[in-house]
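Step one of this worksheet: look at the structure below.
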Amino acid sequence: MNSPHKLLSNLKALEGPFPKFDYTNVPESPHKLFQEWFQIAIKNGVHEPHSMTLSTINRFGNPDARVLILKDMDEEGWYFASGINSAKGQQLKENPNVTLTFYWSLIGRQVRIRGTASEVGKEQSAKDFLGRGETARAIALIGKQSEVMPSNADFERSFLENYQLVENNPNLVDPNWCLYQVTACEVEFWQGDIDRKHIRVLYRKENNNWVKELLWP
C-alpha cells in the first residue's frame, strides 16, 4: 500500500483549463460578481455549486466549520438555514462573526465571504422550512442535532414519529428553524492559475462603500 505522502504527491491540482477573469473590469458590488461567477460555475457543470463551508467560532474561541447549502443571495447578503438549538445555531448566538467559503474546482475559483450572520425573521424562516422535503422537516423537528445518540433505533423511532406528524400537519413549522443572512464586510474572489499566477480581488467595506483591491498571489 502506498504511503499517504506518496498518494498525495501523485495527485494533481489546478490542471485547468480555466475561464478567463478580467480583474480590471469587475462590478462595483461583490454581490454582482458573485452572481456572475455562480452562473459560470453552473454553465461549466460544477457539482453542487451552492454548497459552501460555514465557519464559526465556539464559546471556547475555537474555529468550527461544516458544509451546507446556500439558500439565496441578493444585494443584502447570502442566506443559509439551521436550527437555532444546533451547535452552529448556538455558536451564532454567542458570536455572529462568520466566514462562507465556496470552492469550484472545475473552474479553479474560490470565493471567501467574511461578515456577520443575523436572523431574518419568523415569516421567512417558516417559508424556508416548509420548502424542505418531508424527510428533512421530520428530522429537523427531532431537535437533537449534534447531541449524543444512544442508538440508531432511537433515531428511527423519533424520525417515524415526526414524519407522521409532518404528514398529518403539512403546514407545521419548527419554531426553532431559522433563516440567517450573512452581511459581508469583506469578499475575496480567487481565480486559480495552472502556473500558480493566481488572481485575487478583495472587496472590503469602508464607510458604507465597497473598496476593491488586487492582492498578491
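So you can find residues: chains in the C-alpha cells are A, B, ... in the order shown, residues in each start at 1, and ligands are numbered from 1 in order.
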
Enumerate as a list in words all residues of stretch 56-101 of chain A assigned to alpha helix (DSSP H) by DSSP on the backbone, naming them with the chain letters and numbers the document uses.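 So, restricting stretch 56-101 of chain A to alpha helix (DSSP H), we get Ala87, Lys88, Gly89, Gln90, Gln91, Leu92, Lys93 and Glu94 of chain A.
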
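Interatomic distance, atom CA of A:Leu68 against atom CA of A:Tyr180: 12.5 Å.
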
Neighbours of A:Thr24 within 10 Å (only C-alpha atoms; same-chain residues fewer than 2 positions away dropped), as an MDAnalysis selection string? chainID A and resid 21:22 26:27 201 214

Hey, what's within 7 Å of A:Val182 if we count only C-alpha atoms and toss same-chain stuff fewer than 5 positions away? As a PyMOL selection string, please? chain A and resi 77-79+115-118

Excluding A:Pro217 and its own-chain neighbours fewer than 6 positions away, which residues fall within 7 Å of it when counting only C-alpha atoms? Please give them as a compact mmCIF listing (two decimals) with C-alpha atoms, in the first residue's frame.
```
# COMPACT_ATOMS: atom_id res chain seq x y z
CA LYS A 197 -0.09 33.09 -11.04
CA HIS A 198 -3.37 33.29 -9.17
CA ILE A 199 -5.57 36.39 -9.35
CA ARG A 200 -7.06 37.66 -6.09
```

Pick from A:Leu92, A:Thr183, A:Asn44, A:Lys32, whichever lies nearest to A:Asn58 using only C-alpha atoms: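 That would be A:Leu92, the residue with the smallest distance to A:Asn58.
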
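With atom CA of A:Phe159 on one side and atom CA of A:Gly83 on the other, the separation reads 16.2 Å.
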
Report the residues of stretch 55-118 of chain A whose backbone DSSP state falls under strand (DSSP E), written as an NGL selection string. :A and (55-57 or 63-69 or 72-74 or 77-83 or 97-104 or 109-118)

Using only C-alpha atoms, which protein or nucleic acid residues come within 12 Å of stretch 155-157 of chain A? Drop anything in the same chain fewer than 3 positions from it, and give the result as a compact mmCIF listing (two decimals) with N, CA, C and O atoms, in the first residue's frame.
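Saved to out.txt:
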```txt
# COMPACT_ATOMS: atom_id res chain seq x y z
N THR A 135 -39.02 14.48 4.67
CA THR A 135 -38.00 13.80 5.47
C THR A 135 -37.12 14.81 6.21
O THR A 135 -36.84 14.67 7.39
N ALA A 138 -39.04 16.38 9.05
CA ALA A 138 -39.21 15.45 10.17
C ALA A 138 -37.93 15.35 10.99
O ALA A 138 -37.96 15.35 12.23
N ILE A 139 -36.79 15.28 10.32
CA ILE A 139 -35.51 15.18 11.04
C ILE A 139 -35.24 16.46 11.82
O ILE A 139 -34.77 16.42 12.96
N ALA A 140 -35.54 17.61 11.21
CA ALA A 140 -35.33 18.88 11.91
C ALA A 140 -36.19 18.97 13.17
O ALA A 140 -35.75 19.49 14.21
N LEU A 141 -37.43 18.45 13.10
CA LEU A 141 -38.35 18.52 14.23
C LEU A 141 -37.89 17.66 15.42
O LEU A 141 -38.34 17.89 16.55
N ILE A 142 -37.02 16.70 15.18
CA ILE A 142 -36.48 15.91 16.29
C ILE A 142 -35.75 16.83 17.26
O ILE A 142 -35.83 16.68 18.48
N GLY A 143 -35.03 17.81 16.70
CA GLY A 143 -34.42 18.86 17.52
C GLY A 143 -33.22 18.45 18.36
O GLY A 143 -32.95 19.09 19.37
N LYS A 144 -32.52 17.41 17.96
CA LYS A 144 -31.38 16.96 18.77
C LYS A 144 -30.07 16.93 17.99
O LYS A 144 -29.16 16.19 18.33
N GLN A 145 -30.00 17.74 16.94
CA GLN A 145 -28.80 17.74 16.10
C GLN A 145 -27.53 17.97 16.92
O GLN A 145 -27.47 18.86 17.75
N GLU A 147 -26.31 16.27 19.28
CA GLU A 147 -26.31 15.64 20.60
C GLU A 147 -25.89 14.17 20.47
O GLU A 147 -26.01 13.57 19.39
N VAL A 148 -25.41 13.58 21.56
CA VAL A 148 -25.03 12.17 21.55
C VAL A 148 -26.28 11.32 21.38
O VAL A 148 -27.29 11.51 22.06
N MET A 149 -26.23 10.36 20.44
CA MET A 149 -27.37 9.50 20.14
C MET A 149 -27.13 8.11 20.72
O MET A 149 -26.14 7.45 20.37
N PRO A 150 -27.99 7.64 21.61
CA PRO A 150 -27.80 6.33 22.24
C PRO A 150 -27.69 5.19 21.23
O PRO A 150 -26.82 4.32 21.34
N SER A 151 -28.58 5.20 20.22
CA SER A 151 -28.55 4.14 19.21
C SER A 151 -29.31 4.61 17.98
O SER A 151 -30.12 5.55 18.06
N ASN A 152 -29.06 3.93 16.86
CA ASN A 152 -29.78 4.29 15.64
C ASN A 152 -31.26 3.98 15.77
O ASN A 152 -32.11 4.62 15.12
N LEU A 160 -39.72 8.38 12.71
CA LEU A 160 -41.04 7.92 12.29
C LEU A 160 -42.15 8.70 12.97
O LEU A 160 -43.18 9.03 12.35
N GLU A 161 -41.97 9.02 14.24
CA GLU A 161 -42.97 9.81 14.96
C GLU A 161 -43.14 11.19 14.33
O GLU A 161 -44.27 11.66 14.12
N ASN A 162 -42.02 11.83 14.02
CA ASN A 162 -42.08 13.17 13.46
C ASN A 162 -42.47 13.17 11.99
O ASN A 162 -43.09 14.13 11.51
N TYR A 163 -42.15 12.11 11.28
CA TYR A 163 -42.57 12.01 9.88
C TYR A 163 -44.10 11.91 9.81
O TYR A 163 -44.74 12.55 8.97
N GLN A 164 -44.66 11.13 10.72
CA GLN A 164 -46.11 11.02 10.79
C GLN A 164 -46.74 12.37 11.14
O GLN A 164 -47.78 12.76 10.60
```
